[in-house]
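Trainee: For reference, the file protein39.txt (compact mmCIF, C-alpha atoms) is included below:
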```txt
# COMPACT_ATOMS: atom_id res chain seq x y z
CA MET A 1 74.22 128.72 119.19
CA GLY A 2 75.53 125.52 117.70
CA PHE A 3 79.01 125.15 116.28
CA PHE A 4 77.70 124.77 112.75
CA ASP A 5 74.86 127.30 112.94
CA ASP A 6 76.77 130.30 111.63
CA LEU A 7 78.26 128.56 108.62
CA LEU A 8 77.14 130.95 105.93
CA PRO A 9 78.53 130.98 102.41
CA PRO A 10 81.55 133.21 101.80
CA SER A 11 80.66 136.80 101.06
CA SER A 12 83.11 137.09 98.19
CA GLU A 13 84.08 134.85 95.32
CA PRO A 14 86.57 132.17 96.32
CA ASP A 15 90.08 132.32 94.87
CA LEU A 16 90.17 129.61 92.24
CA THR A 17 93.66 130.33 90.95
CA PRO A 18 95.32 126.96 90.40
CA THR A 19 98.36 126.38 92.55
CA GLY A 20 100.63 123.52 93.44
CA ARG A 21 100.13 121.41 96.53
CA GLY A 22 99.82 123.83 99.39
CA ASP A 23 100.50 123.50 103.08
CA TRP A 24 96.77 123.18 103.59
CA GLN A 25 96.59 119.98 101.54
CA GLY A 26 98.44 117.59 103.76
CA PRO A 27 101.46 116.91 105.93
CA PRO A 28 104.81 117.95 104.51
CA ALA A 29 106.35 115.14 102.48
CA GLY A 30 109.44 113.59 104.00
CA TRP A 31 108.43 114.41 107.57
CA ALA A 32 107.24 112.35 110.54
CA GLY A 33 104.92 114.22 112.85
CA GLY A 34 105.13 114.57 116.60
CA TRP A 35 102.73 112.09 118.16
CA VAL A 36 99.91 113.30 120.39
CA PRO A 37 98.34 110.63 122.66
CA TRP A 38 94.72 111.66 122.15
CA HIS A 39 92.09 108.98 121.87
CA VAL A 40 88.67 110.39 122.62
CA VAL A 41 85.07 109.49 121.90
CA LEU A 42 83.42 112.26 119.88
CA SER A 43 79.95 110.76 119.77
CA ARG A 44 78.25 107.50 120.57
CA GLY A 45 74.71 106.22 120.37
CA LYS A 46 72.67 103.13 119.79
CA ASP A 47 73.93 102.70 116.25
CA HIS A 48 77.20 104.60 116.04
CA TYR A 49 80.49 105.12 117.87
CA VAL A 50 82.86 107.83 116.66
CA PHE A 51 86.24 108.59 118.11
CA LEU A 52 89.27 110.73 117.42
CA SER A 53 92.68 109.11 117.34
CA ASP A 54 96.04 108.85 115.58
CA VAL A 55 96.98 112.51 116.06
CA SER A 56 100.35 113.84 114.86
CA ALA A 57 101.42 117.48 114.79
CA TYR A 58 103.68 119.21 112.32
CA PRO A 59 104.86 122.80 112.13
CA SER A 60 102.29 123.45 109.41
CA GLY A 61 99.29 121.55 110.78
CA VAL A 62 97.89 118.44 112.41
CA GLU A 63 97.03 115.02 111.04
CA LEU A 64 94.25 113.12 112.78
CA ALA A 65 91.87 110.25 112.24
CA VAL A 66 88.16 110.08 112.83
CA VAL A 67 87.09 106.48 113.27
CA SER A 68 83.41 105.65 112.89
CA LEU A 69 81.76 102.38 113.78
CA PHE A 70 78.22 101.64 112.73
CA ARG A 71 75.81 98.90 113.49
CA PRO A 72 75.58 96.69 110.45
CA GLU A 73 72.99 97.72 107.90
CA GLU A 74 70.56 94.95 108.68
CA GLU A 75 70.53 96.06 112.28
CA LEU A 76 70.15 99.72 111.34
CA SER A 77 67.19 99.13 109.12
CA ALA A 78 65.16 98.17 112.10
CA VAL A 79 65.93 101.26 114.13
CA VAL A 80 66.67 104.07 111.66
CA THR A 81 64.27 105.84 109.38
CA PRO A 82 66.15 107.82 106.72
CA GLU A 83 65.22 111.44 106.75
CA PRO A 84 65.81 114.09 104.09
CA VAL A 85 68.90 116.21 104.50
CA PRO A 86 68.00 119.59 105.95
CA HIS A 87 68.32 122.48 103.54
CA LEU A 88 71.68 124.17 103.59
CA PRO A 89 72.52 127.83 103.12
CA PRO A 90 72.90 128.70 99.43
CA GLY A 91 76.40 128.16 98.16
CA PHE A 92 77.54 126.04 101.08
CA ARG A 93 78.11 122.40 100.51
CA ARG A 94 78.00 120.18 103.52
CA VAL A 95 80.85 117.74 103.39
CA THR A 96 80.65 114.35 104.95
CA GLY A 97 82.82 114.19 108.02
CA THR A 98 82.86 110.48 108.40
CA ALA A 99 82.33 107.75 105.89
CA SER A 100 82.13 104.07 105.50
CA ALA A 101 80.61 101.70 103.08
CA THR A 102 77.47 101.97 105.13
CA MET A 103 77.28 105.70 104.61
CA VAL A 104 78.02 105.43 100.93
CA ARG A 105 74.98 103.29 100.57
CA ARG A 106 72.96 105.91 102.38
CA PRO A 107 74.20 109.16 100.88
CA HIS A 108 71.82 111.36 102.81
CA ASP A 109 73.21 110.34 106.13
CA GLU A 110 75.85 113.03 106.35
CA SER A 111 77.66 113.94 109.48
CA GLN A 112 79.35 117.22 110.31
CA PHE A 113 82.82 117.61 111.72
CA GLY A 114 84.65 120.80 112.55
CA ILE A 115 87.33 122.21 114.81
CA GLY A 116 87.18 125.53 116.61
CA PHE A 117 90.37 127.45 117.38
CA ALA A 118 91.02 129.40 120.55
CA ASP A 119 90.91 132.64 118.56
CA GLY A 120 87.41 131.95 117.28
CA ARG A 121 88.30 130.67 113.82
CA LYS A 122 86.72 127.44 112.66
CA ALA A 123 88.26 124.72 110.52
CA LEU A 124 85.76 122.98 108.28
CA PRO A 125 86.03 120.31 105.63
CA TRP A 126 87.39 121.87 102.51
CA ALA A 127 84.89 122.84 99.83
CA VAL A 128 85.92 124.75 96.73
CA GLU A 129 82.98 127.12 96.89
CA ARG A 130 83.88 128.06 100.42
CA HIS A 131 87.66 127.92 100.57
CA GLY A 132 88.71 128.25 96.95
CA LEU A 133 92.12 126.94 95.98
CA ASN A 134 94.10 129.34 98.12
CA PRO A 135 92.32 129.24 101.45
CA ARG A 136 92.95 131.75 104.18
CA ASP A 137 90.59 130.31 106.73
CA PRO A 138 91.52 127.10 108.55
CA VAL A 139 90.81 123.99 106.55
CA LEU A 140 90.11 120.35 107.24
CA TRP A 141 91.42 118.46 104.23
CA ARG A 142 90.64 114.78 103.88
CA THR A 143 93.89 112.99 103.15
CA GLY A 144 92.57 109.46 102.93
CA GLY A 145 90.26 106.84 104.22
CA GLU A 146 89.63 103.18 104.53
CA GLY A 147 87.03 100.94 105.96
CA ARG A 148 85.74 97.51 106.58
CA GLN A 149 82.27 96.20 107.09
CA GLU A 150 80.93 98.35 109.92
CA MET A 151 83.93 100.64 110.41
CA GLY A 152 85.31 103.62 108.53
CA ILE A 153 88.45 105.68 109.09
CA GLN A 154 88.98 109.11 107.64
CA TRP A 155 92.27 110.91 107.97
CA TRP A 156 92.11 114.65 108.12
CA TRP A 157 94.71 117.33 107.82
CA LEU A 158 94.02 120.37 109.95
CA TRP A 159 95.66 123.48 108.59
CA PRO A 160 97.25 125.51 110.02
CA LEU A 161 98.68 124.44 113.38
CA PRO A 162 96.24 125.93 115.87
CA PRO A 163 97.45 128.45 118.43
CA PRO A 164 97.72 127.33 122.06
CA GLY A 165 94.47 127.37 123.98
CA PRO A 166 91.18 125.52 123.94
CA LEU A 167 90.56 123.54 120.77
CA THR A 168 86.98 122.44 120.22
CA PHE A 169 86.08 119.36 118.18
CA ALA A 170 82.45 119.45 117.07
CA PHE A 171 80.52 116.54 115.64
CA SER A 172 76.90 116.05 114.71
CA TRP A 173 74.89 113.65 112.60
CA PRO A 174 71.47 115.21 112.11
CA ALA A 175 70.07 112.50 109.88
CA HIS A 176 70.50 110.04 112.71
CA GLY A 177 69.28 112.30 115.43
CA VAL A 178 72.77 112.80 116.78
CA ASP A 179 72.93 116.24 118.31
CA GLU A 180 76.04 118.31 118.26
CA THR A 181 78.70 117.11 120.65
CA LEU A 182 81.76 119.10 121.62
CA ALA A 183 85.08 117.89 122.95
CA VAL A 184 87.62 120.46 124.12
CA PHE A 185 91.37 119.84 124.16
CA ASP A 186 94.40 121.92 124.98
CA ALA A 187 96.03 122.91 121.70
CA ALA A 188 99.26 123.58 123.57
CA GLU A 189 99.81 119.81 123.37
CA LEU A 190 99.74 120.08 119.60
CA VAL A 191 102.14 122.99 119.57
CA ASN A 192 104.55 121.08 121.80
CA ALA A 193 104.26 117.93 119.70
CA ALA A 194 104.86 119.90 116.51
CA GLU A 195 108.27 120.83 117.87
CA LYS A 196 109.08 117.11 117.94
CA ALA A 197 108.14 116.57 114.31
CA GLU A 198 111.12 115.40 112.34
CA LYS A 199 112.25 116.05 108.81
CA LEU A 200 113.46 112.66 107.64
CA TRP A 201 114.77 113.57 104.20
CA GLU A 202 114.49 116.05 101.42
CA TRP A 203 111.50 115.44 99.21
CA ARG A 204 112.43 115.52 95.56
CA MET B 1 118.16 81.45 112.82
CA SER B 2 116.15 84.33 111.50
CA PHE B 3 112.84 85.23 113.07
CA PHE B 4 111.26 84.79 109.69
CA ASP B 5 112.53 81.32 109.00
CA TYR B 6 109.00 80.09 108.62
CA ARG B 7 110.04 76.77 107.18
CA GLN B 8 110.48 75.49 110.69
CA PRO B 9 107.57 73.30 111.79
CA PRO B 10 105.08 75.11 114.01
CA PRO B 11 105.04 74.22 117.70
CA GLU B 12 102.77 71.41 118.72
CA THR B 13 100.36 73.54 120.68
CA THR B 14 96.65 73.83 120.40
CA TRP B 15 94.46 76.87 120.69
CA PRO B 16 90.74 76.83 121.19
CA GLN B 17 89.45 77.45 117.72
CA GLN B 18 86.73 80.05 117.39
CA LYS B 19 85.37 80.59 113.95
CA ARG B 20 86.76 83.66 112.19
CA ASP B 21 88.45 85.06 115.29
CA TRP B 22 91.77 85.11 113.44
CA LEU B 23 90.37 87.12 110.53
CA GLY B 24 89.73 90.40 112.30
CA PRO B 25 88.35 92.28 115.30
CA PRO B 26 84.98 91.16 116.59
CA THR B 27 82.03 93.00 115.10
CA GLY B 28 80.23 95.32 117.49
CA TRP B 29 83.24 95.83 119.74
CA VAL B 30 85.55 98.74 120.42
CA GLY B 31 89.04 97.75 121.46
CA GLY B 32 90.89 98.94 124.52
CA TRP B 33 93.39 101.54 123.36
CA VAL B 34 97.09 101.01 124.04
CA PRO B 35 99.20 104.21 123.90
CA TRP B 36 102.06 102.72 121.94
CA HIS B 37 103.79 104.76 119.28
CA VAL B 38 107.27 103.46 118.61
CA VAL B 39 109.73 103.40 115.75
CA LEU B 40 110.31 99.82 114.61
CA SER B 41 112.95 100.55 112.00
CA ARG B 42 114.63 103.57 110.47
CA GLY B 43 117.42 104.28 108.11
CA PRO B 44 118.60 106.86 105.59
CA THR B 45 115.68 106.13 103.29
CA HIS B 46 112.99 104.58 105.44
CA HIS B 47 111.08 105.05 108.68
CA VAL B 48 108.58 102.58 110.14
CA THR B 49 106.33 103.24 113.11
CA LEU B 50 104.06 100.97 115.14
CA THR B 51 101.01 102.86 116.32
CA GLU B 52 97.25 102.79 116.89
CA VAL B 53 97.13 99.65 118.97
CA SER B 54 93.80 98.37 120.31
CA ALA B 55 93.34 95.17 122.25
CA TYR B 56 90.32 92.89 122.33
CA PRO B 57 89.69 89.71 124.30
CA ILE B 58 90.55 87.67 121.21
CA GLY B 59 93.35 89.67 119.62
CA VAL B 60 95.02 92.98 118.87
CA GLU B 61 94.62 95.50 116.07
CA LEU B 62 97.67 97.59 115.20
CA ARG B 63 98.99 99.80 112.45
CA LEU B 64 102.36 100.13 110.77
CA VAL B 65 103.15 103.47 109.13
CA LEU B 66 105.84 103.11 106.47
CA ARG B 67 107.71 106.07 105.08
CA ALA B 68 110.31 105.89 102.36
CA MET B 69 112.35 108.41 100.48
CA PRO B 70 111.36 108.29 96.83
CA VAL B 71 113.84 107.37 94.19
CA ALA B 72 114.23 109.95 91.47
CA ASP B 73 111.68 109.47 88.71
CA GLU B 74 110.12 106.61 90.58
CA PRO B 75 107.21 106.52 92.96
CA SER B 76 107.91 106.01 96.61
CA PRO B 77 108.45 102.40 97.58
CA ALA B 78 106.70 103.06 100.86
CA ALA B 79 103.36 102.07 99.48
CA SER B 80 104.56 99.20 97.40
CA VAL B 81 103.67 96.87 100.18
CA VAL B 82 100.11 97.81 99.40
CA THR B 83 100.54 95.71 96.32
CA GLU B 84 100.19 92.70 98.48
CA LEU B 85 97.01 94.01 100.02
CA SER B 86 95.38 95.45 96.92
CA PRO B 87 97.06 93.76 93.98
CA ARG B 88 94.30 94.69 91.58
CA ARG B 89 94.72 98.43 91.98
CA LYS B 90 95.86 100.05 88.80
CA ALA B 91 99.07 101.96 88.94
CA GLY B 92 99.06 105.53 87.73
CA ARG B 93 101.95 107.84 87.00
CA ASP B 94 102.33 108.90 90.60
CA ASP B 95 101.00 105.75 92.07
CA PRO B 96 103.56 104.14 94.35
CA LEU B 97 102.20 100.79 93.33
CA LYS B 98 104.28 101.18 90.20
CA THR B 99 107.22 100.33 92.36
CA LEU B 100 107.03 96.63 92.08
CA MET B 101 108.92 95.74 95.17
CA SER B 102 108.29 92.16 95.97
CA SER B 103 105.95 91.78 98.87
CA GLN B 104 108.44 89.32 100.26
CA GLN B 105 110.83 92.20 100.82
CA SER B 106 108.97 93.67 103.80
CA LEU B 107 108.73 91.32 106.73
CA PHE B 108 106.78 91.75 109.91
CA GLY B 109 106.23 89.36 112.76
CA ILE B 110 105.56 89.23 116.47
CA GLY B 111 107.16 86.84 118.94
CA PHE B 112 105.13 85.70 121.93
CA PRO B 113 106.63 85.18 125.39
CA ASP B 114 105.96 81.45 125.09
CA GLY B 115 108.04 81.16 121.94
CA ARG B 116 105.27 81.13 119.39
CA ARG B 117 105.49 83.49 116.44
CA ALA B 118 102.73 85.40 114.76
CA LEU B 119 103.38 85.72 111.04
CA PRO B 120 101.44 87.09 108.10
CA GLN B 121 99.27 84.62 106.27
CA ARG B 122 101.63 84.48 103.33
CA PHE B 123 104.09 82.65 105.53
CA LEU B 124 101.55 80.05 106.52
CA SER B 125 100.25 77.05 104.72
CA GLN B 126 96.75 77.15 103.32
CA ALA B 127 95.74 74.57 105.87
CA ASN B 128 96.93 76.72 108.72
CA ILE B 129 95.11 79.77 107.40
CA ILE B 130 91.85 77.90 107.19
CA ASN B 131 92.36 76.18 110.47
CA PRO B 132 95.04 78.01 112.50
CA GLU B 133 94.84 75.78 115.59
CA GLY B 134 97.48 77.20 117.78
CA HIS B 135 99.46 79.11 115.19
CA PRO B 136 99.30 82.83 115.97
CA MET B 137 98.57 84.82 112.88
CA LEU B 138 98.82 88.32 111.50
CA SER B 139 96.00 89.08 109.10
CA SER B 140 95.84 92.15 106.93
CA ALA B 141 93.06 94.40 108.21
CA GLY B 142 93.38 97.13 105.60
CA SER B 143 95.73 99.70 104.20
CA GLY B 144 95.75 103.40 103.55
CA GLY B 145 97.82 106.26 102.26
CA GLY B 146 100.14 105.47 99.43
CA HIS B 147 101.13 108.96 98.44
CA HIS B 148 103.92 111.35 99.24
CA GLY B 149 106.06 108.54 100.50
CA VAL B 150 103.73 107.31 103.24
CA THR B 151 101.54 104.28 103.52
CA SER B 152 100.07 102.31 106.34
CA GLN B 153 99.08 98.75 107.02
CA ARG B 154 96.59 97.64 109.62
CA TRP B 155 97.14 94.20 111.05
CA TRP B 156 95.05 91.93 113.19
CA LEU B 157 97.09 89.83 115.60
CA TRP B 158 95.38 86.67 116.72
CA PRO B 159 95.14 85.54 119.46
CA LEU B 160 95.65 87.99 122.30
CA PRO B 161 99.20 87.25 123.43
CA PRO B 162 99.86 86.19 126.99
CA ALA B 163 101.38 88.69 129.38
CA GLY B 164 105.13 89.07 129.08
CA PRO B 165 107.72 90.34 126.65
CA LEU B 166 106.38 90.70 123.14
CA THR B 167 108.93 91.01 120.35
CA PHE B 168 108.07 93.03 117.25
CA VAL B 169 110.34 92.17 114.36
CA PHE B 170 110.59 94.05 111.10
CA ALA B 171 112.78 93.94 108.05
CA TRP B 172 112.58 95.80 104.75
CA LEU B 173 115.14 94.27 102.51
CA ASP B 174 114.62 96.60 99.56
CA GLN B 175 115.47 99.50 101.81
CA GLY B 176 118.54 97.79 103.17
CA ALA B 177 116.83 97.39 106.51
CA ASP B 178 117.89 94.15 108.08
CA GLU B 179 115.89 92.49 110.76
CA THR B 180 115.32 94.75 113.77
CA SER B 181 113.38 93.89 116.87
CA LEU B 182 111.73 95.78 119.64
CA VAL B 183 110.42 94.30 122.87
CA LEU B 184 107.27 95.70 124.47
CA ASP B 185 105.35 94.50 127.50
CA GLY B 186 102.43 92.36 126.37
CA THR B 187 100.89 92.83 129.79
CA GLU B 188 99.70 96.21 128.58
CA LEU B 189 97.75 94.47 125.84
CA VAL B 190 96.16 92.05 128.29
CA ASN B 191 95.14 94.92 130.55
CA ALA B 192 93.80 96.97 127.63
CA ALA B 193 91.79 94.00 126.36
CA GLN B 194 89.87 94.08 129.61
CA LYS B 195 88.75 97.59 128.69
CA ALA B 196 87.44 96.56 125.27
CA GLU B 197 83.75 97.24 125.06
CA LYS B 198 80.89 95.53 123.30
CA VAL B 199 78.91 98.46 121.96
CA TRP B 200 76.05 96.58 120.33
CA ASP B 201 74.84 93.11 119.55
CA VAL B 202 75.28 91.82 116.04
CA SER B 203 73.30 89.02 114.55
CA PRO B 204 75.51 86.02 113.80
CA THR B 205 76.19 85.58 110.13
```
Rewrite the structure of this file - the entire thing - as C-alpha cells.
Mentor:
Amino acid sequence: MGFFDDLLPPSSEPDLTPTGRGDWQGPPAGWAGGWVPWHVVLSRGKDHYVFLSDVSAYPSGVELAVVSLFRPEEELSAVVTPEPVPHLPPGFRRVTGTASATMVRRPHDESQFGIGFADGRKALPWAVERHGLNPRDPVLWRTGGEGRQEMGIQWWWLWPLPPPGPLTFAFSWPAHGVDETLAVFDAAELVNAAEKAEKLWEWR
Amino acid sequence: MSFFDYRQPPPETTWPQQKRDWLGPPTGWVGGWVPWHVVLSRGPTHHVTLTEVSAYPIGVELRLVLRAMPVADEPSPAASVVTELSPRRKAGRDDPLKTLMSSQQSLFGIGFPDGRRALPQRFLSQANIINPEGHPMLSSAGSGGGHHGVTSQRWWLWPLPPAGPLTFVFAWLDQGADETSLVLDGTELVNAAQKAEKVWDVSPT
C-alpha cells in the first residue's frame, strides 16, 4: 500500500475554534534551531529533481526545505502531456507539496509530500478540513517559499518533533508519472539536534 | 582599512568573461552540496548564520539567515534587508519591511585567497555589473521569510573561488554589529564543485 493511499477524510468535524499562533504553525520565535546535515534527493526524473535540505530541529518540531528543480517550460512542453488530477476522497484536499512558477502555471500538476513517524502517524500538509485549527495529528505547515525560473523552494514546519526511530519521507507527482518514492532517516538525529536549539531572546 | 572600503580601485586582473555567469547558478545544474552551517555574527539582538552552500564550476550559491530581536511596537529589523531585494513590496502592520533600515547598514562580502573581494552589486559601478571582468561579485539570488524575526538572503558568488582561505565578512551596523570575519577553507568549495551535476540540457536563450 502506498504512503498516501489511506488518506481518508477525517471521520469527525475538524475543530475550527480560532486560536493564536500554535506550536504547529512554525518554529518558536526568538529561537535558532539545531542544524541537521541532511541533504537528500527525494525524487528525480527526466524533467524534475527534488531534494530535501536545510533541516533544523527545535523542541517543538522541525524546519526543512524541499527544493524542486524543473526543466524549463519550453522543454517540458515537448515531453509532458498534462493529465487531469485523479479524483480525491470526498472532503480531502490535496495540497501541493512543491511549487514554483512553473507549477503555478500548470495548476493540475500537484505533487504529494508527507512524513511518516516511527509510531505510524503521518504528517501531511495542513488543510483546514482535515486538521482544523487545533490539530492533534502531525502537521506539515508551509512557512514560506521562493523561487526562480526553473527552481522552487518550499519551507515546511513539521510538528511535533518526531520520536526517535525511522522517519519516512514520501514524495510522488502523479501528474508527471512520478511514482511514490520513500526516503528513510533516523529521527534520533532530529531529537539530538533539537537539544542544541538555542533560545536567543524573549519574543515580545 | 575596512573590508568594505569599496572605493579602492579594483585589482587589475582579468577573468574569462562568460555571459550571465555572474548573475546566478547555471540552468539545468544541481550544485555540489557543502555542509557548512556557521554563525557569522551574533549579539544581544541579532544572529546571522551562513548555510545551504552549493558549489558549481562557475560559482557558489549560499544563504544567510538573519535573526533579530524585534523592537517593541516595531516589526523585526531582520527582514528589513529584504527591502533591498524587493523594494516594491508593500509594508503591512506586521511586515518587517516597515522597518526602514538602510540597506547600506547590512554588509556582506567574501575575500578570496588571492586578495580579491566579492561584494554585492550595490558596491560596484554599473560598468562592472554589466561587464565584471575579473571583479568577483555577489548577486542577490532571492530572499525568503520576513516574519517572526527571521529572514534569509540567497547569494550567488561568482566566480568559484580558488582553493585556499576564504574570508566571510559581515557587519550589521543598525544592530551594533561591527565587522566580523570568519575564515573557511575554499578548497571544500572547489571539491564540491566537481560534484555538481548537469541534470538536463537547456536550450540557450
Trainee: May I have the residues within 7 Å of Thr51 in chain B as a list in words, using all atoms listed in the file and disregarding those fewer than 4 positions away in the same chain?
Mentor: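 The neighbour list is Trp36, His37, Val38, Leu62, Arg63 and Leu64 of chain B.
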Trainee: Restricting the calculation to all atoms listed in the file, which member of B:Met69, B:Val48, B:Leu157, B:Leu40 is positioned closest to chain A?
Mentor: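 Ranking B:Met69, B:Val48, B:Leu157, B:Leu40 by distance to chain A, first place goes to B:Met69.
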Trainee: Taking all atoms listed in the file into account, which residues of chain A are within 9 Å of chain B, as a ChimeraX atom specification?
Mentor: /A:28-32,35,37-39,45-49,53-54,69-72,74-75,143-150,200-204
Trainee: Go ahead and compute the interatomic distance for CA of Leu140 in chain A and CA of Glu198 in chain A, in Å to one decimal.
Mentor: 22.2 Å
Trainee: Looking at all atoms listed in the file, which of B:Leu160, B:Ile110, B:Leu138, B:Val60 is the one that sits closest to Val183 in chain B?
Mentor: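 Answer, going by the shortest atom-to-atom distance: B:Ile110.
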Trainee: If you measure from CA of Glu180 in chain A to CA of Ser111 in chain A, what distance in Å do you get, rounded to one decimal?
Mentor: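 Value for the CA of Glu180 in chain A-CA of Ser111 in chain A distance: 9.9 Å.
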Trainee: List the neighbours of Val36 in chain A out to 9 Å using all atoms listed in the file; skip same-chain residues closer than 5 positions along the sequence, and give me the result as an MDAnalysis selection string.
Mentor: chainID A and resid 53:57 189:190 193
Trainee: Do you know which residues are at most 6 Å from Ala197 in chain A counting all atoms listed in the file, after dropping those on the same chain fewer than 5 positions away, and could you put them as a count of residues only?
Mentor: 4
Trainee: Rounded to one decimal in Å, what is the spacing between CA of Asp21 in chain B and CA of Trp156 in chain B?
Mentor: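 Result for CA of Asp21 in chain B versus CA of Trp156 in chain B: 9.8 Å, one decimal.
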Trainee: Tell me, as an mmCIF file with C-alpha atoms, in the frame of the given file, which residues lie within 7 Å of Phe51 in chain A, counting all atoms listed in the file; anything in the same chain fewer than 2 positions away does not count.
Mentor:
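This is the output file result.cif:
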```cif
data_model
loop_
_atom_site.group_PDB
_atom_site.id
_atom_site.type_symbol
_atom_site.label_atom_id
_atom_site.label_comp_id
_atom_site.auth_asym_id
_atom_site.auth_seq_id
_atom_site.Cartn_x
_atom_site.Cartn_y
_atom_site.Cartn_z
ATOM 1 C CA HIS A 39 92.090 108.980 121.870
ATOM 2 C CA VAL A 40 88.670 110.390 122.620
ATOM 3 C CA VAL A 41 85.070 109.490 121.900
ATOM 4 C CA LEU A 42 83.420 112.260 119.880
ATOM 5 C CA SER A 43 79.950 110.760 119.770
ATOM 6 C CA TYR A 49 80.490 105.120 117.870
ATOM 7 C CA SER A 53 92.680 109.110 117.340
ATOM 8 C CA VAL A 66 88.160 110.080 112.830
ATOM 9 C CA VAL A 67 87.090 106.480 113.270
ATOM 10 C CA SER A 68 83.410 105.650 112.890
#
```
Trainee: Taking all atoms listed in the file into account, which of A:Arg21, A:Arg136, A:His131, A:Arg44 comes nearest Thr181 in chain A?
Mentor: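 Closest to Thr181 in chain A of all the choices is A:Arg44.
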Trainee: Show me the residues close to (81.8, 119.3, 115.1) - anything with an atom within 9 Å, counting only C-alpha atoms - and format the list as an mmCIF file with C-alpha atoms, in the coordinates of the input.
Mentor:
```cif
data_model
loop_
_atom_site.group_PDB
_atom_site.id
_atom_site.type_symbol
_atom_site.label_atom_id
_atom_site.label_comp_id
_atom_site.auth_asym_id
_atom_site.auth_seq_id
_atom_site.Cartn_x
_atom_site.Cartn_y
_atom_site.Cartn_z
ATOM 1 C CA PHE A 3 79.010 125.150 116.280
ATOM 2 C CA PHE A 4 77.700 124.770 112.750
ATOM 3 C CA LEU A 42 83.420 112.260 119.880
ATOM 4 C CA GLY A 97 82.820 114.190 108.020
ATOM 5 C CA SER A 111 77.660 113.940 109.480
ATOM 6 C CA GLN A 112 79.350 117.220 110.310
ATOM 7 C CA PHE A 113 82.820 117.610 111.720
ATOM 8 C CA GLY A 114 84.650 120.800 112.550
ATOM 9 C CA ILE A 115 87.330 122.210 114.810
ATOM 10 C CA GLY A 116 87.180 125.530 116.610
ATOM 11 C CA LEU A 124 85.760 122.980 108.280
ATOM 12 C CA THR A 168 86.980 122.440 120.220
ATOM 13 C CA PHE A 169 86.080 119.360 118.180
ATOM 14 C CA ALA A 170 82.450 119.450 117.070
ATOM 15 C CA PHE A 171 80.520 116.540 115.640
ATOM 16 C CA SER A 172 76.900 116.050 114.710
ATOM 17 C CA GLU A 180 76.040 118.310 118.260
ATOM 18 C CA THR A 181 78.700 117.110 120.650
ATOM 19 C CA LEU A 182 81.760 119.100 121.620
ATOM 20 C CA ALA A 183 85.080 117.890 122.950
#
```
Trainee: List as a count of residues only the protein and nucleic acid residues near Tyr56 in chain B, meaning an atom at most 7 Å away when only C-alpha atoms are counted, but skip any in the same chain fewer than 6 places from it.
Mentor: 4
Trainee: Got a minute to add N, CA and C atoms to range 156-167 of chain A and dump it as a short mmCIF file (atom, residue, chain, number, x, y, z; two decimals), in the coordinates of the input?
Mentor:
```cif
data_model
loop_
_atom_site.label_atom_id
_atom_site.label_comp_id
_atom_site.auth_asym_id
_atom_site.auth_seq_id
_atom_site.Cartn_x
_atom_site.Cartn_y
_atom_site.Cartn_z
N TRP A 156 92.27 113.23 108.41
CA TRP A 156 92.11 114.65 108.12
C TRP A 156 93.40 115.39 108.39
N TRP A 157 93.59 116.42 107.61
CA TRP A 157 94.71 117.33 107.82
C TRP A 157 94.13 118.66 108.23
N LEU A 158 94.47 119.08 109.44
CA LEU A 158 94.02 120.37 109.95
C LEU A 158 95.10 121.40 109.67
N TRP A 159 94.73 122.41 108.93
CA TRP A 159 95.66 123.48 108.59
C TRP A 159 95.09 124.82 109.00
N PRO A 160 95.84 125.69 109.59
CA PRO A 160 97.25 125.51 110.02
C PRO A 160 97.32 124.91 111.42
N LEU A 161 98.52 124.86 111.98
CA LEU A 161 98.68 124.44 113.38
C LEU A 161 97.93 125.45 114.25
N PRO A 162 97.02 124.98 115.07
CA PRO A 162 96.24 125.93 115.87
C PRO A 162 97.11 126.61 116.92
N PRO A 163 96.72 127.78 117.35
CA PRO A 163 97.45 128.45 118.43
C PRO A 163 97.14 127.75 119.75
N PRO A 164 98.00 127.92 120.75
CA PRO A 164 97.72 127.33 122.06
C PRO A 164 96.38 127.83 122.59
N GLY A 165 95.76 127.00 123.40
CA GLY A 165 94.47 127.37 123.98
C GLY A 165 93.44 126.30 123.71
N PRO A 166 92.22 126.54 124.13
CA PRO A 166 91.18 125.52 123.94
C PRO A 166 90.92 125.24 122.47
N LEU A 167 90.84 123.97 122.14
CA LEU A 167 90.56 123.54 120.77
C LEU A 167 89.30 122.68 120.84
#
```
